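Asks: After the structure tokens below, expect a handful of questions from me.
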Amino acid sequence: MIASIDTVESGLAVCLLMTAIGCLFDRHLLRACWLLVLFALLMSAAWWYLNAPWLALVEVILGSALTGGGFIYVLRTLPSQRLSMPRYDRMRVEWPHRLTKGLLIIAWSIMLGVATQFLLPDMALSLTAHPLILSSVVIVSLGMGAFALHHHLMRRLMAFNVLGSGVFLMLAGMAGTSPSAQALITVGLLIAWLGSLLGVLLLRQLVHQEGSAALNDEYAPVRPPS
Amino acid sequence: MNAAWLPLTTLATSLFAAVIIFSLPEEARRVRTYINLLAAVAKILLVIVMVGRVSEGYEDTFSFQIVGGVDFVLRADALGVMFAGLSSLLWLCTTIYAIGYLEGAANRKRFFGFFSLCVTSTLGIALSGNLFTFLIFYEMLTLSTYPLVVHAGSAKALAAGRVYLRYTLTAGVVLLLGVVLLYSLTNDHSFASEQGLSPYLDDHRGLLTLIFALLVGGLAVKAAMVPLHGWLPRAMVAPAPVSALLHAVAVVKAGAFGILRVIYDLYGIELSVELGVTTVLAVAASITIIYGSLRAIAQEELKPRLAFSTISQVSYVVLGVSLFGPFGTIGALAHLLHQGLMKVTLFFCAGNYAEELGVHRLDEMDGAGKRMPLTSLAFTVGALGMIGLPPTAGFITKWYLGMGAIEADMYWVVAVLVASSTLNAIYFLPIVHRLWFREGPAHGKGQWPKEQPLGRLETHGWLLWPAVLTAVISIGAGLLAGLPFSPLDWATRVAVGEYLP
Amino acid sequence: MIWRFGLYDNTFDPLWMTDWAFAAVLLLPMVFGALGAVFRPSRLLPVALACLPILLAGGVMVLDYQQVGLLRWQWEVAGIELTLRLSGLSALMLLITQWTAAAVAVYTPGYLRLTLPNASVRWLWPLMGLLVSALSLIWLAADLLILYAALESMGLAAVGMLLLSGKSAALQAGMRYLLLALVGSLAFLLGVALLMSQWGTLDLIALEARVEPEPLTWVAAALIGAGLALKAALFPLHGWLTPVHENAWTPVSALHAALVIKASLYILMMLWGILLPETLFAPRLVAWLGMLAIVWGGLVAWRADSLKTLIASSTVGQLGYLMVAFPLVLGPNIAPLPLSLAWDGFWLHLMGHALAKAAMFMAAGNLIIATGESSLKALAGTSRRLPLSLLIFGMAAVTLMGLPPSAGFTAKWLLLQSMVLTQQWLAVAALLAGTLLTAAYVFRVFRYSFDETAPRHDYQPLAPGMDAVALCLAVAAFALGLLAHFPLGLLHGGGA
């Protein structure tokens, strides 16, 4: 039934969007990680919905279990004997930074929406008919923005994961779920997982050595009194 | 039959010598000396063979393709063999001199290694069969002479090296641009081709003139023509063997030789006159001749005076090239050889004075004739040759140049020649006078700045005999100029080959 | 233009031996890398023995190519078509990759013995193996899926290798590189997605047949270009390159600067050749950026205080040469002669630069080990005590400066000829200015090394073979220049 399919899909899309926003903009890192796991599970549901069962399986394994697991593992093993809780991103973002990045996000999302709508006359799953794909565009913009905006490296890595998932969804929307597309997305998921793993291990080493979880030239580390 | 191995082996002797010297440790002095001398003698023998082949009419060629349409060509023709002969002979003398000069100095492995590479490059320039190969060796010459200039490692030497590079690398870039433009116009044009670039005259006059300006501009830096001569006086900070090599044999002559090749073998003399570039070149050469001499008079130290004298003298070659007619050509080519012999003698003697007596300034040279007679005799011979007194080789050159000027209806050139001879006398005769007719430390008046007796004779044998040898050869080049295989005879041969159809 | 990349149908099938060689080329590096993690070779000989079968396999493939022309392999796996091909260009790049990687691998045991690195050294060999396999796959790929997978694996392996030194500066630089590379790969993926959605295929030959110049293609090309430019450190997206090399191990730097960067450039050229064959604007933009890169890279290298910074900045400038050559190869109405000259010059420069950069990094590594410091001032007096390392540095620098008799000179010659024929005088000026700028910073190094007034005393002796390997690479760069006829013949197509 058309009405019920739309409802399921719309519900899925809304939930995806909300989990993405939560994951991207929550300062409590552990909570954000769990939201990421939830996001990944919802993504696999979306893949299931789009008739890509293999992709759903891969997403469950790689996206939620391994990636989310990796994040949480690293978070738990960050040194916690300092006064400032490392599991909370206390880094303040100044408003000029916020403004520029905010404008960037808006510009980017407009461009993206326009491009996809007008460039592709016949997408496999068009924007207007499938709210999932519409939400993917929004997720990509938000992910991009969060990636540019945040200083804390773990949040940037999580933003990258969300961004990646959004891109994969957009890809499915544009090209359909043919075997080639699924293969591409699988490779992308694999690389995203490996990259995130490398990133969080690197992050742990950085915190260990420098005491800061941001890149030096972007944010001066506030050394906790020890 | 083409003995392609001949030009290749001639280059290979010093290239292998360089490789072997670089792989030996610093302390292997004896072996290094043997290698150096062996390679130099081998090279002279091979060049003699080449001279024989050329006089029989062969032009041995070695070539292989580098990229489509561009070949690497080594050809032993009359002009090239002439320059090669000069280079190899003077390399032998300079090697012996350098072995003696650097006795007890540091970094000899580096010095002799790059020394050999320098001579490889010079011989490559001499034997190049087209402009592309010439360019390759021209740039290699820059790279291999840099470590020689900065050999001392002092701040002054490093600064001199920087200036040297600035001039020569920029010259290389300009030359490259000219060569690329030429190749885009004509494809690979061998030096041995008979017709020159005249077919392109009608459609591409402006472009040909531009290319000529770029080529000669790039070459003129090495040939130390004014105003591109700034690197040369500063390069005097290098050791005396290096100065001898740079000024008599390798760098400066390479520039002049390149100009010879461009005008005679690339463009052809008729085309050059047609384009009007020879007049400009003659004017530039004359300016350099006079300017160099004037600056030389103002110098108070021996080596800088000789440096400016070189600047002036090498432009004789360029002047002769720009005079249309066989006499000018003969004068230019003969002067290439004669000036090399005479200048190297003068630099050897300057080095001897510096090493044995610590004499650098002219006013310290009083009475050196008594203390170092053979050296001073050699110096006198060289100086008289520079001035152009008969029967020295220098006189022959100036005679032919004068005749060439008259033949080409450029009478003002004769005036330039006379003026420069006078100026040469003004800055050389006082030195000779000081050597022989003034009383100095050898007569009991005052002290030599830093005397260190280096040998049983007036100085170390390795330092003395090369100077004497080159002086004797330069006298011979003058006295025996009429004999076959003298520089004059060879120059005539080349000129005849150039002007006859 | 596409036939130059080998994107056409083959006439002959590969021999069975070539099939085995193909498998060996792709799998053996990873296998030996894994073995290296287990056994941790500390001598030169086992590493050299391990490299031998890989080099042999590469040689077999190239020989077969020379006899029969283009080779293709095609499979269908679960509804997905995978295509790989060996063209002349791929063969050349494969050879360069294998031999340079072999040289670096042979250099590494000596280096590790002298620098006594931390425990993470056991990751070096598998990552190196993965990198070489990924690179080989990139040269051989003929469809976008394999290309994407190989590109990403290569990127991750490169990041991993650069982090091994463990210093916090290295970690910071590596993190920045990782983040940028991941974002770049997403941009690349978006571009590929656009292409797939419109033209419905990932196979390069089919894509080339169907593609039409329209806004979608341009957007896709822009996204792909942005992603690849980030990975290839093309100006102005080059900021991550220098910090990353300052703190990495020498063999890693050598491999990265020589090969990893070039792979992204190769993919860029190939994909833009398919998508934008007749565009005017995009190649010109790249050329303008290339001119800026030449000037910028040269100036930064000139002012550098550390040897490795100098070499890394020089890479940015040298890539500028390649960028300036873009309009000569891609664009409307290019005459065949300049196109062919520029094509030859582009790849010759790429290969010469790969060899020379690896040699230069190795020589610099030797100098840094021997003097114990990485600054230029520490080089005073080295010309007397470490002449061989300096000589190798000089020979590699000759290639970078484009002076004869090196590959850089021959490549510059070809590019200049092409520029003169198409009357792009600004590009000529940029190329010649680049020569002088390169000479400025190279001879600045030599100025320090010839300085005799501040002698150092204790130099760490080097392991045998470290200098020899670097020397071989530098001499290879010279040979590539003088004997350019042979590799260019391979480039133009062999056999049937």
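In the structure tokens, chains take the letters A, B, ... in the order shown, each chain's residues start at 1, and ligands count up from 1 in the order shown.
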Considering only alpha helix (DSSP H) as DSSP defines it on the backbone, what residues of stretch 14-211 of chain A qualify? List them as a PyMOL selection string.

Replies: chain A and resi 14-25+29-49+53-58+69-77+95-114+131-149+153-175+179-210

Asks: Report, in Å with one decimal, the straight-line distance from atom CA of C:Leu337 to atom CA of B:Phe134.

Replies: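 Answer for the atom CA of C:Leu337 to atom CA of B:Phe134 separation: 24.7 Å.
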
Asks: List every residue of chain A that has an atom at most 6 Å from any atom of chain C, and for each one report the closest atom pair and its distance in Å to one decimal, counting only C-alpha atoms, with rows sorted by chain and then by increasing residue number, as a tab-separated table.

Replies:
residue	atom	partner	partner_atom	distance
A:Leu119	CA	C:Leu216	CA	5.7
A:Leu171	CA	C:Ala193	CA	5.3
A:Met174	CA	C:Ser197	CA	5.2
A:Ala175	CA	C:Ser197	CA	4.0
A:Pro179	CA	C:Gly79	CA	5.8
A:Ser180	CA	C:Ile80	CA	5.3

Asks: Measuring between only C-alpha atoms, which one of B:Ala244, B:Ile21, B:Ile96, B:Ala40 shows the shortest distance to chain C?

Replies: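 Closest to chain C, using only C-alpha atoms: B:Ile21.
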
Asks: Could you list, as a PDB file with C-alpha atoms, in the first residue's frame, every residue within 10 Å of stretch 166-168 of chain A, counting only C-alpha atoms and ignoring same-chain residues fewer than 3 positions away?

Replies:
ATOM      1  CA  LEU A  16      17.612   8.976  10.753  1.00  0.00           C
ATOM      2  CA  ALA A  20      22.128  12.215  12.993  1.00  0.00           C
ATOM      3  CA  MET A  43      20.772   2.994   8.179  1.00  0.00           C
ATOM      4  CA  LEU A 132      14.830   8.936   2.599  1.00  0.00           C
ATOM      5  CA  ILE A 133      16.826  10.449  -0.178  1.00  0.00           C
ATOM      6  CA  SER A 135      16.924  13.285   4.318  1.00  0.00           C
ATOM      7  CA  SER A 136      20.201  12.005   2.929  1.00  0.00           C
ATOM      8  CA  VAL A 137      20.832  15.389   1.349  1.00  0.00           C
ATOM      9  CA  VAL A 138      20.166  17.089   4.660  1.00  0.00           C
ATOM     10  CA  ILE A 139      22.362  14.586   6.476  1.00  0.00           C
ATOM     11  CA  VAL A 140      25.211  15.238   4.062  1.00  0.00           C
ATOM     12  CA  SER A 141      24.993  18.972   4.635  1.00  0.00           C
ATOM     13  CA  LEU A 142      24.804  18.582   8.378  1.00  0.00           C
ATOM     14  CA  GLY A 143      27.647  16.117   8.398  1.00  0.00           C
ATOM     15  CA  MET A 144      29.787  18.395   6.291  1.00  0.00           C
ATOM     16  CA  PHE A 160      32.693  11.918   8.899  1.00  0.00           C
ATOM     17  CA  ASN A 161      30.841   8.669   9.490  1.00  0.00           C
ATOM     18  CA  VAL A 162      27.481  10.381   9.342  1.00  0.00           C
ATOM     19  CA  LEU A 163      28.570  12.269   6.246  1.00  0.00           C
ATOM     20  CA  LEU A 171      24.460   7.375  -4.167  1.00  0.00           C
ATOM     21  CA  ALA A 172      21.731   4.777  -3.822  1.00  0.00           C
ATOM     22  CA  GLY A 173      19.195   7.436  -4.601  1.00  0.00           C
ATOM     23  CA  MET A 174      20.989   8.568  -7.698  1.00  0.00           C
ATOM     24  CA  ALA A 181      26.244   0.466  -6.704  1.00  0.00           C
ATOM     25  CA  GLN A 182      26.067  -1.935  -3.810  1.00  0.00           C
ATOM     26  CA  LEU A 184      30.713   0.689  -4.418  1.00  0.00           C
ATOM     27  CA  ILE A 185      28.873   1.354  -1.197  1.00  0.00           C
ATOM     28  CA  THR A 186      30.334  -1.754   0.391  1.00  0.00           C
ATOM     29  CA  GLY A 188      32.975   2.778   0.861  1.00  0.00           C
ATOM     30  CA  LEU A 189      31.720   1.321   4.132  1.00  0.00           C
TER      31      LEU A 189
ATOM     32  CA  LEU C 186      33.846  11.183  -0.302  1.00  0.00           C
ATOM     33  CA  ALA C 187      33.974  13.923  -2.901  1.00  0.00           C
ATOM     34  CA  LEU C 189      32.650   8.976  -4.496  1.00  0.00           C
ATOM     35  CA  LEU C 190      29.983  11.600  -5.087  1.00  0.00           C
ATOM     36  CA  ALA C 193      27.869   8.389  -8.086  1.00  0.00           C
TER      37      ALA C 193
END

Asks: At most 7 Å is the cut-off: for each residue in chain C with any atom that close to an atom of chain B, write down the nearest atom pair and the distance in Å rounded to one decimal, counting only C-alpha atoms, chain first then increasing number, as a tab-separated table.

Replies:
residue	atom	partner	partner_atom	distance
C:Arg384	CA	B:Asn107	CA	6.2
C:Leu403	CA	B:Glu139	CA	6.6
C:Pro404	CA	B:Ile136	CA	5.0
C:Pro405	CA	B:Ile136	CA	6.1
C:Leu416	CA	B:Val180	CA	6.8
C:Gln417	CA	B:Val180	CA	6.0
C:Val420	CA	B:Leu181	CA	6.9
C:Leu421	CA	B:Ser184	CA	6.7
C:Leu432	CA	B:Val173	CA	6.4
C:Arg447	CA	B:Leu158	CA	6.4
C:Phe450	CA	B:Gly153	CA	5.4
C:Asp451	CA	B:Gly153	CA	4.8
C:Glu452	CA	B:Gly153	CA	4.8
C:Thr453	CA	B:Ser154	CA	6.6
C:Leu482	CA	B:Ile66	CA	5.7
C:Leu483	CA	B:Ile66	CA	5.6
C:Ala484	CA	B:Ile66	CA	5.5
C:His485	CA	B:Val67	CA	5.0

Asks: Work out how far apart atom CA of B:Ser312 and atom CA of B:Gly292 are and give it in Å to one decimal.

Replies: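 Result for atom CA of B:Ser312 versus atom CA of B:Gly292: 4.5 Å, one decimal.
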
Asks: What does the distance between atom CA of B:Leu294 and atom CA of B:Val416 come to in Å, to one decimal place?

Replies: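 A separation of 12.8 Å between them.
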
Asks: Can you tell me, as a ChimeraX atom specification, what residues are no more than 9 Å from stretch 465-476 of chain C when counting only C-alpha atoms, ignoring any on the same chain fewer than 6 positions away?

Replies: /C:44,99-100,103-104,106-108,110-111,352,355-363,366,388-389,391-393,395-396,399,406-407

Asks: Of the residues A:Trp54, A:Pro131, A:Gly69, A:Gly199, which is the one nearest to A:Cys15, using only C-alpha atoms?

Replies: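 With only C-alpha atoms as the atom set, the closest residue is A:Pro131.
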
Asks: Find the residues around B:Asp366 up to 9 Å (only C-alpha atoms counted), leave out those fewer than 3 positions away in its own chain, and share them as number ranges by chain.

Replies: B: 362-363, 369, 431, 433-442

Asks: Using C-alpha atoms, can you write the selected residues to a file as a short mmCIF file (atom, residue, chain, number, x, y, z; two decimals), in the first residue's frame?

Replies:
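Saved to again_30.cif:
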data_model
loop_
_atom_site.label_atom_id
_atom_site.label_comp_id
_atom_site.auth_asym_id
_atom_site.auth_seq_id
_atom_site.Cartn_x
_atom_site.Cartn_y
_atom_site.Cartn_z
CA LEU B 362 101.84 43.71 -8.30
CA ASP B 363 103.98 45.92 -6.13
CA GLY B 369 113.01 37.63 -12.04
CA ILE B 431 104.93 43.91 -14.65
CA HIS B 433 109.70 45.73 -15.93
CA ARG B 434 109.19 45.00 -12.26
CA LEU B 435 110.24 41.41 -12.68
CA TRP B 436 113.51 42.10 -14.35
CA PHE B 437 114.54 45.64 -13.80
CA ARG B 438 113.50 46.49 -10.29
CA GLU B 439 115.33 45.56 -7.17
CA GLY B 440 113.48 43.65 -4.57
CA PRO B 441 113.85 41.07 -1.83
CA ALA B 442 116.02 38.93 -4.08
#

Asks: Would you kindly return, as an NGL selection string, each protein, DNA or RNA residue with an atom no farther than 12 Å from any atom of B:Gln339, considering only C-alpha atoms and excluding same-chain residues fewer than 2 positions away?

Replies: :B and (86 or 90 or 244 or 247-249 or 252-253 or 256 or 309-317 or 331-337 or 341-347 or 382-388 or 392-398 or 470-471 or 473-475 or 477-478 or 487)
